[in-house]
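Undergrad: File name start.pdb; file contents PDB, C-alpha atoms and all ligand atoms; full text below.
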```
ATOM      1  CA  MET X 132      20.036  15.726   3.253  1.00  0.00           C
ATOM      2  CA  SER X 133      20.513  13.590   6.357  1.00  0.00           C
ATOM      3  CA  ARG X 134      18.976  10.130   6.456  1.00  0.00           C
ATOM      4  CA  LEU X 135      16.703  11.339   9.247  1.00  0.00           C
ATOM      5  CA  ASP X 136      15.443  14.220   7.100  1.00  0.00           C
ATOM      6  CA  SER X 137      14.958  11.845   4.183  1.00  0.00           C
ATOM      7  CA  PHE X 138      12.968   9.410   6.348  1.00  0.00           C
ATOM      8  CA  ILE X 139      10.772  12.183   7.734  1.00  0.00           C
ATOM      9  CA  ARG X 140      10.026  13.508   4.249  1.00  0.00           C
ATOM     10  CA  ARG X 141       9.204  10.016   2.987  1.00  0.00           C
ATOM     11  CA  MET X 142       6.823   9.389   5.888  1.00  0.00           C
ATOM     12  CA  SER X 143       5.200  12.811   5.466  1.00  0.00           C
ATOM     13  CA  ALA X 144       4.703  12.081   1.771  1.00  0.00           C
ATOM     14  CA  GLN X 145       3.230   8.671   2.580  1.00  0.00           C
ATOM     15  CA  ARG X 146       0.669  10.208   4.948  1.00  0.00           C
ATOM     16  CA  LEU X 147      -0.234  13.018   2.524  1.00  0.00           C
ATOM     17  CA  LEU X 148      -0.776  10.528  -0.300  1.00  0.00           C
ATOM     18  CA  LEU X 149      -2.867   8.183   1.834  1.00  0.00           C
ATOM     19  CA  ASP X 150      -5.021  11.117   2.899  1.00  0.00           C
ATOM     20  CA  ALA X 151      -5.343  12.210  -0.759  1.00  0.00           C
ATOM     21  CA  ALA X 152      -6.237   8.644  -1.732  1.00  0.00           C
ATOM     22  CA  ALA X 153      -8.986   8.593   0.904  1.00  0.00           C
ATOM     23  CA  GLU X 154     -10.635  11.601  -0.758  1.00  0.00           C
ATOM     24  CA  ARG X 155     -10.484   9.884  -4.141  1.00  0.00           C
ATOM     25  CA  LEU X 156     -12.002   6.662  -2.816  1.00  0.00           C
ATOM     26  CA  VAL X 157     -15.457   8.145  -2.346  1.00  0.00           C
ATOM     27  CA  GLY X 158     -17.676   5.906  -4.492  1.00  0.00           C
ATOM     28  CA  ILE X 159     -14.939   3.301  -4.988  1.00  0.00           C
ATOM     29  CA  ASP X 160     -15.991   0.484  -2.686  1.00  0.00           C
ATOM     30  CA  GLY X 161     -13.814  -2.324  -1.450  1.00  0.00           C
ATOM     31  CA  PRO X 162     -11.272  -3.291   1.163  1.00  0.00           C
ATOM     32  CA  ILE X 163      -7.887  -1.708   1.824  1.00  0.00           C
ATOM     33  CA  ILE X 164      -4.567  -3.569   1.571  1.00  0.00           C
ATOM     34  CA  ASP X 165      -1.347  -2.648   3.370  1.00  0.00           C
ATOM     35  CA  LEU X 166       1.647  -4.469   1.889  1.00  0.00           C
ATOM     36  CA  GLY X 167       4.361  -4.749   4.535  1.00  0.00           C
ATOM     37  CA  ILE X 168       2.795  -4.074   7.928  1.00  0.00           C
ATOM     38  CA  GLY X 169       6.217  -3.702   9.604  1.00  0.00           C
ATOM     39  CA  ALA X 170       5.738  -1.867  12.886  1.00  0.00           C
ATOM     40  CA  GLY X 171       2.112  -1.196  12.004  1.00  0.00           C
ATOM     41  CA  ARG X 172       2.334   2.588  11.748  1.00  0.00           C
ATOM     42  CA  THR X 173       0.797   2.801   8.284  1.00  0.00           C
ATOM     43  CA  TYR X 174      -1.712   0.067   9.059  1.00  0.00           C
ATOM     44  CA  ASP X 175      -2.871   1.998  12.125  1.00  0.00           C
ATOM     45  CA  HIS X 176      -3.290   5.142  10.005  1.00  0.00           C
ATOM     46  CA  LEU X 177      -5.295   3.229   7.399  1.00  0.00           C
ATOM     47  CA  VAL X 178      -7.628   1.819  10.062  1.00  0.00           C
ATOM     48  CA  ALA X 179      -8.204   5.363  11.354  1.00  0.00           C
ATOM     49  CA  LEU X 180      -8.734   6.727   7.811  1.00  0.00           C
ATOM     50  CA  PHE X 181     -11.163   3.983   6.826  1.00  0.00           C
ATOM     51  CA  PRO X 182     -13.268   3.066   9.861  1.00  0.00           C
ATOM     52  CA  ASP X 183     -16.001   1.608   7.646  1.00  0.00           C
ATOM     53  CA  ARG X 184     -13.778  -0.609   5.502  1.00  0.00           C
ATOM     54  CA  GLU X 185     -11.887  -3.819   6.081  1.00  0.00           C
ATOM     55  CA  VAL X 186      -8.113  -3.302   6.167  1.00  0.00           C
ATOM     56  CA  PHE X 187      -5.916  -6.318   5.378  1.00  0.00           C
ATOM     57  CA  ALA X 188      -2.194  -6.353   6.189  1.00  0.00           C
ATOM     58  CA  PHE X 189       0.444  -8.566   4.590  1.00  0.00           C
ATOM     59  CA  ASP X 190       3.963  -9.393   5.783  1.00  0.00           C
ATOM     60  CA  ASN X 191       6.427 -12.232   6.118  1.00  0.00           C
ATOM     61  CA  PHE X 192       6.122 -12.049   9.880  1.00  0.00           C
ATOM     62  CA  VAL X 193       4.365 -10.076  12.588  1.00  0.00           C
ATOM     63  CA  GLN X 194       6.365  -7.421  14.371  1.00  0.00           C
ATOM     64  CA  ALA X 195       3.697  -4.764  14.949  1.00  0.00           C
ATOM     65  CA  ALA X 196       2.849  -3.740  18.500  1.00  0.00           C
ATOM     66  CA  VAL X 197      -0.002  -5.711  20.039  1.00  0.00           C
ATOM     67  CA  GLY X 198      -2.247  -2.646  20.151  1.00  0.00           C
ATOM     68  CA  VAL X 199      -2.189  -2.198  16.370  1.00  0.00           C
ATOM     69  CA  LEU X 200      -2.212  -5.850  15.290  1.00  0.00           C
ATOM     70  CA  PRO X 201      -4.964  -6.908  12.899  1.00  0.00           C
ATOM     71  CA  ASP X 202      -7.023  -9.915  13.882  1.00  0.00           C
ATOM     72  CA  ALA X 203      -6.063 -13.240  12.302  1.00  0.00           C
ATOM     73  CA  HIS X 204      -8.490 -12.841   9.384  1.00  0.00           C
ATOM     74  CA  HIS X 205      -7.019  -9.468   8.408  1.00  0.00           C
ATOM     75  CA  MET X 206      -3.323 -10.374   8.879  1.00  0.00           C
ATOM     76  CA  VAL X 207      -1.950 -12.433   5.974  1.00  0.00           C
ATOM     77  CA  ILE X 208       1.421 -13.910   6.947  1.00  0.00           C
ATOM     78  CA  GLY X 209       3.861 -15.201   4.354  1.00  0.00           C
ATOM     79  CA  GLU X 210       5.753 -14.251   1.227  1.00  0.00           C
ATOM     80  CA  ILE X 211       3.628 -11.605  -0.497  1.00  0.00           C
ATOM     81  CA  ARG X 212       4.641 -12.883  -3.919  1.00  0.00           C
ATOM     82  CA  ASP X 213       2.656 -16.038  -3.005  1.00  0.00           C
ATOM     83  CA  THR X 214       0.026 -14.789  -0.570  1.00  0.00           C
ATOM     84  CA  LEU X 215      -1.227 -11.669  -2.377  1.00  0.00           C
ATOM     85  CA  PRO X 216      -2.390 -13.243  -5.682  1.00  0.00           C
ATOM     86  CA  ALA X 217      -4.135 -16.015  -3.714  1.00  0.00           C
ATOM     87  CA  SER X 218      -5.894 -13.689  -1.276  1.00  0.00           C
ATOM     88  CA  LEU X 219      -9.068 -12.763  -3.176  1.00  0.00           C
ATOM     89  CA  PRO X 220     -11.213 -15.365  -1.354  1.00  0.00           C
ATOM     90  CA  ARG X 221     -10.092 -13.911   1.981  1.00  0.00           C
ATOM     91  CA  LEU X 222     -10.631 -10.313   0.832  1.00  0.00           C
ATOM     92  CA  GLY X 223     -14.143 -11.191  -0.299  1.00  0.00           C
ATOM     93  CA  ARG X 224     -14.063  -8.561  -3.044  1.00  0.00           C
ATOM     94  CA  ARG X 225     -11.498  -6.691  -5.055  1.00  0.00           C
ATOM     95  CA  ALA X 226      -9.474  -4.081  -3.182  1.00  0.00           C
ATOM     96  CA  ALA X 227     -10.096  -0.355  -3.601  1.00  0.00           C
ATOM     97  CA  LEU X 228      -6.755   0.868  -2.242  1.00  0.00           C
ATOM     98  CA  ILE X 229      -3.392  -0.849  -2.086  1.00  0.00           C
ATOM     99  CA  HIS X 230      -0.504   0.684  -0.184  1.00  0.00           C
ATOM    100  CA  ASN X 231       2.926  -0.759  -0.973  1.00  0.00           C
ATOM    101  CA  ASP X 232       5.797  -0.196   1.439  1.00  0.00           C
ATOM    102  CA  LEU X 233       8.025  -3.090   0.375  1.00  0.00           C
ATOM    103  CA  GLY X 234      11.407  -2.403  -1.143  1.00  0.00           C
ATOM    104  CA  SER X 235      14.260  -0.164  -0.114  1.00  0.00           C
ATOM    105  CA  ALA X 236      16.527   2.578  -1.426  1.00  0.00           C
ATOM    106  CA  ASP X 237      17.898   0.036  -3.953  1.00  0.00           C
ATOM    107  CA  ALA X 238      16.302   0.952  -7.302  1.00  0.00           C
ATOM    108  CA  VAL X 239      17.416  -2.304  -8.957  1.00  0.00           C
ATOM    109  CA  GLY X 240      15.926  -4.378  -6.147  1.00  0.00           C
ATOM    110  CA  ASN X 241      12.717  -2.360  -6.274  1.00  0.00           C
ATOM    111  CA  ALA X 242      12.434  -2.940 -10.029  1.00  0.00           C
ATOM    112  CA  ALA X 243      12.785  -6.691  -9.436  1.00  0.00           C
ATOM    113  CA  ILE X 244      10.026  -6.585  -6.811  1.00  0.00           C
ATOM    114  CA  GLY X 245       7.854  -4.506  -9.126  1.00  0.00           C
ATOM    115  CA  GLY X 246       8.135  -7.216 -11.788  1.00  0.00           C
ATOM    116  CA  TRP X 247       6.114  -9.667  -9.682  1.00  0.00           C
ATOM    117  CA  LEU X 248       4.243  -7.211  -7.457  1.00  0.00           C
ATOM    118  CA  ALA X 249       2.392  -5.318 -10.206  1.00  0.00           C
ATOM    119  CA  PRO X 250       0.680  -8.468 -11.583  1.00  0.00           C
ATOM    120  CA  ALA X 251       0.020  -9.710  -8.036  1.00  0.00           C
ATOM    121  CA  ILE X 252      -1.773  -6.441  -7.277  1.00  0.00           C
ATOM    122  CA  LEU X 253      -3.788  -6.683 -10.493  1.00  0.00           C
ATOM    123  CA  ALA X 254      -4.988 -10.129  -9.369  1.00  0.00           C
ATOM    124  CA  VAL X 255      -6.792  -8.621  -6.351  1.00  0.00           C
ATOM    125  CA  ALA X 256      -7.435  -4.950  -7.194  1.00  0.00           C
ATOM    126  CA  ARG X 257     -10.490  -3.295  -8.680  1.00  0.00           C
ATOM    127  CA  PRO X 258      -9.937  -2.087 -12.252  1.00  0.00           C
ATOM    128  CA  ASP X 259     -10.078   1.500 -10.904  1.00  0.00           C
ATOM    129  CA  ALA X 260      -8.172   0.901  -7.664  1.00  0.00           C
ATOM    130  CA  ILE X 261      -5.928   3.559  -6.174  1.00  0.00           C
ATOM    131  CA  ILE X 262      -2.300   2.564  -5.562  1.00  0.00           C
ATOM    132  CA  VAL X 263      -0.043   4.388  -3.111  1.00  0.00           C
ATOM    133  CA  THR X 264       3.486   3.071  -3.418  1.00  0.00           C
ATOM    134  CA  SER X 265       6.982   3.811  -2.166  1.00  0.00           C
ATOM    135  CA  PHE X 266       8.446   3.037  -5.608  1.00  0.00           C
ATOM    136  CA  VAL X 267       7.083   3.090  -9.149  1.00  0.00           C
ATOM    137  CA  LEU X 268       5.251  -0.075 -10.156  1.00  0.00           C
ATOM    138  CA  PRO X 269       5.157  -1.136 -13.830  1.00  0.00           C
ATOM    139  CA  PHE X 270       1.420  -1.149 -14.547  1.00  0.00           C
ATOM    140  CA  ASP X 271       0.501  -1.204 -18.237  1.00  0.00           C
ATOM    141  CA  LYS X 272      -2.828   0.474 -17.589  1.00  0.00           C
ATOM    142  CA  ALA X 273      -2.636   3.140 -14.904  1.00  0.00           C
ATOM    143  CA  VAL X 274      -2.413   6.903 -14.624  1.00  0.00           C
ATOM    144  CA  SER X 275      -0.268   8.929 -12.272  1.00  0.00           C
ATOM    145  CA  LEU X 276      -2.468  11.153 -10.150  1.00  0.00           C
ATOM    146  CA  PRO X 277      -1.431  14.685  -9.173  1.00  0.00           C
ATOM    147  CA  LEU X 278       0.609  14.865  -6.010  1.00  0.00           C
ATOM    148  CA  PRO X 279      -0.732  16.967  -3.144  1.00  0.00           C
ATOM    149  CA  ASP X 280       1.137  20.090  -2.083  1.00  0.00           C
ATOM    150  CA  GLY X 281       4.148  19.222   0.005  1.00  0.00           C
ATOM    151  CA  VAL X 282       5.093  16.016  -1.849  1.00  0.00           C
ATOM    152  CA  ALA X 283       8.123  16.348  -4.118  1.00  0.00           C
ATOM    153  CA  PRO X 284       7.966  14.318  -7.360  1.00  0.00           C
ATOM    154  CA  GLY X 285       9.641  10.926  -6.967  1.00  0.00           C
ATOM    155  CA  ARG X 286       9.383  10.756  -3.194  1.00  0.00           C
ATOM    156  CA  TYR X 287       6.217   8.601  -3.051  1.00  0.00           C
ATOM    157  CA  HIS X 288       3.785   7.656  -5.809  1.00  0.00           C
ATOM    158  CA  LEU X 289       0.027   7.785  -6.452  1.00  0.00           C
ATOM    159  CA  PHE X 290      -1.573   5.808  -9.277  1.00  0.00           C
ATOM    160  CA  GLN X 291      -5.054   4.859 -10.356  1.00  0.00           C
ATOM    161  CA  LEU X 292      -5.551   1.696 -12.380  1.00  0.00           C
ATOM    162  CA  THR X 293      -7.365   2.079 -15.714  1.00  0.00           C
ATOM    163  CA  VAL X 294      -7.732  -1.622 -16.481  1.00  0.00           C
TER
HETATM  164  C1  LIG X 301       9.470  -0.742   5.401  1.00  0.00           C
HETATM  165  S1  LIG X 301       8.658  -2.042   6.229  1.00  0.00           S
HETATM  166  C2  LIG X 301       6.993  -1.463   6.317  1.00  0.00           C
HETATM  167  C3  LIG X 301       6.803  -0.406   7.378  1.00  0.00           C
HETATM  168  C4  LIG X 301       5.344  -0.153   7.693  1.00  0.00           C
HETATM  169  N1  LIG X 301       4.694   0.634   6.632  1.00  0.00           N
HETATM  170  C5  LIG X 301       5.161   0.495   9.032  1.00  0.00           C
HETATM  171  O1  LIG X 301       4.268   1.340   9.159  1.00  0.00           O
HETATM  172  O2  LIG X 301       5.885   0.167   9.964  1.00  0.00           O
HETATM  173  C6  LIG X 301       8.519  -3.300   5.012  1.00  0.00           C
HETATM  174  C7  LIG X 301       7.905  -4.581   5.521  1.00  0.00           C
HETATM  175  O3  LIG X 301       7.654  -5.394   4.381  1.00  0.00           O
HETATM  176  C8  LIG X 301       7.948  -6.739   4.698  1.00  0.00           C
HETATM  177  N2  LIG X 301       8.280  -7.405   3.417  1.00  0.00           N
HETATM  178  C9  LIG X 301       9.183  -6.977   2.495  1.00  0.00           C
HETATM  179  N3  LIG X 301       9.184  -7.786   1.429  1.00  0.00           N
HETATM  180  C10 LIG X 301       8.263  -8.755   1.680  1.00  0.00           C
HETATM  181  C11 LIG X 301       7.811  -9.884   0.950  1.00  0.00           C
HETATM  182  N4  LIG X 301       8.299 -10.176  -0.276  1.00  0.00           N
HETATM  183  N5  LIG X 301       6.840 -10.667   1.498  1.00  0.00           N
HETATM  184  C12 LIG X 301       6.348 -10.381   2.734  1.00  0.00           C
HETATM  185  N6  LIG X 301       6.731  -9.307   3.470  1.00  0.00           N
HETATM  186  C13 LIG X 301       7.677  -8.516   2.945  1.00  0.00           C
HETATM  187  C14 LIG X 301       9.086  -6.685   5.708  1.00  0.00           C
HETATM  188  O4  LIG X 301       9.038  -7.829   6.555  1.00  0.00           O
HETATM  189  C15 LIG X 301       8.779  -5.381   6.464  1.00  0.00           C
HETATM  190  O5  LIG X 301       8.059  -5.647   7.663  1.00  0.00           O
END
```
Let me see whether you can do it: turn the structure in this file into C-alpha cells.
TA:
Amino acid sequence: MSRLDSFIRRMSAQRLLLDAAAERLVGIDGPIIDLGIGAGRTYDHLVALFPDREVFAFDNFVQAAVGVLPDAHHMVIGEIRDTLPASLPRLGRRAALIHNDLGSADAVGNAAIGGWLAPAILAVARPDAIIVTSFVLPFDKAVSLPLPDGVAPGRYHLFQLTV
C-alpha cells in the first residue's frame, strides 16, 4: 500500500471512529479533548460534531490555520505530558471524549508515549470516557468498543474507560 493510501485510510478511520464516538456520548456529559491539534483538521471536525460542548486542544505549539484556531482558553500550549494532567481546573469538569493523535508509525516510540499518556488521560477523564486513539493505550480498566464498518482492526482504536 502506498503511503498516500495508508494516510487516507488512517484519516477515514479516524473520522468514522469520531462519528461513532459521538453516538456513544449521548448521556455522557463533559468536554472534548483533542491531543495534538496539528493543522487543526480533527479539531475542526470535533467542533462541528459537538456544537454544544467545549472542545479543548493541546499541542506543543500552534500551527493550525487562523480560521480553525481555538480561543486562548481552549488552546493549551506546552508539553502534553505536563499540561494534560494539570488541566482539570481549566476543563472545569472531567472530559467525556479524548482523541489522541500523538505518536507516529514507530511502535516502540508510541509505547513509550502510552506509558505516560494513559495515566495523564485518567487524571482528567470521566470514569466512563470514550477514547479514540491512533495507537493502543495501556489502560488497566477499559474495554475495546466494536469498530464501525469500514475500519480495519489495528488502524485506529476505540476504547471506553471502565474505571
Ligand atoms: C499528527 S499531528 C496531529 C494532527 C491533527 N490531528 C490534525 O488534524 O492536523 C500530532 C501533533 O501532536 C503534537 N505533539 C506530539 N507530541 C506532543 C507532546 N508530547 N506534547 C505536545 N504536543 C505534542 C505535534 O506538535 C503535532 O502537532
Undergrad: Do a neighbour search on segment 177-194 of chain X at 9 Å with all atoms listed in the file, toss out local chain neighbours closer than 6 positions, and write the hits as a PyMOL selection string.
TA: chain X and resi 149-150+153+160-171+200-201+204-211+214-215+222
Undergrad: Exactly which residues make up the result of the PyMOL selection byres (((chain X and resi 241) around 12) and not hetatm) on this file, given as a PyMOL selection string?
TA: chain X and resi 231-240+242-249+264-269
Undergrad: Take the residues from that selection and write them out as a compact mmCIF listing (two decimals), in the coordinates of the input, keeping C-alpha atoms.
TA:
```txt
# COMPACT_ATOMS: atom_id res chain seq x y z
CA ASN X 231 2.93 -0.76 -0.97
CA ASP X 232 5.80 -0.20 1.44
CA LEU X 233 8.02 -3.09 0.38
CA GLY X 234 11.41 -2.40 -1.14
CA SER X 235 14.26 -0.16 -0.11
CA ALA X 236 16.53 2.58 -1.43
CA ASP X 237 17.90 0.04 -3.95
CA ALA X 238 16.30 0.95 -7.30
CA VAL X 239 17.42 -2.30 -8.96
CA GLY X 240 15.93 -4.38 -6.15
CA ALA X 242 12.43 -2.94 -10.03
CA ALA X 243 12.78 -6.69 -9.44
CA ILE X 244 10.03 -6.58 -6.81
CA GLY X 245 7.85 -4.51 -9.13
CA GLY X 246 8.14 -7.22 -11.79
CA TRP X 247 6.11 -9.67 -9.68
CA LEU X 248 4.24 -7.21 -7.46
CA ALA X 249 2.39 -5.32 -10.21
CA THR X 264 3.49 3.07 -3.42
CA SER X 265 6.98 3.81 -2.17
CA PHE X 266 8.45 3.04 -5.61
CA VAL X 267 7.08 3.09 -9.15
CA LEU X 268 5.25 -0.08 -10.16
CA PRO X 269 5.16 -1.14 -13.83
```
Undergrad: Which of these, X:Leu156, X:Leu292, X:Ala260, X:Ala195, has the shortest distance to ligand LIG 301 (chain X) once you count all atoms listed in the file?
TA: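 Comparing X:Leu156, X:Leu292, X:Ala260, X:Ala195 against ligand LIG 301 (chain X), the winner is X:Ala195.
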Undergrad: Hey, can you check how far atom O5 of ligand LIG 301 (chain X) sits from atom CA of Tyr174 of chain X?
TA: 11.4 Å
Undergrad: Contacts of Ala217 of chain X at 10 Å or less, counting all atoms listed in the file, minus same-chain residues fewer than 4 places along, as an MDAnalysis selection string?
TA: chainID X and resid 211:213 221:222 251 254:255
Undergrad: Quick one: which residues end up in the PyMOL selection byres (((chain X and resi 289) around 7) and not hetatm) for this structure, as a list in words?
TA: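 With the PyMOL selection byres (((chain X and resi 289) around 7) and not hetatm) on this model, the match is Leu148, Ile262, Val263, Thr264, Ser275, Leu276, His288 and Phe290 of chain X.
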Undergrad: Expressed in Å to a single decimal, how great is the separation between atom CA of Pro216 of chain X and atom CA of Leu253 of chain X?
TA: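 If I compute the distance from atom CA of Pro216 of chain X to atom CA of Leu253 of chain X, I get 8.3 Å.
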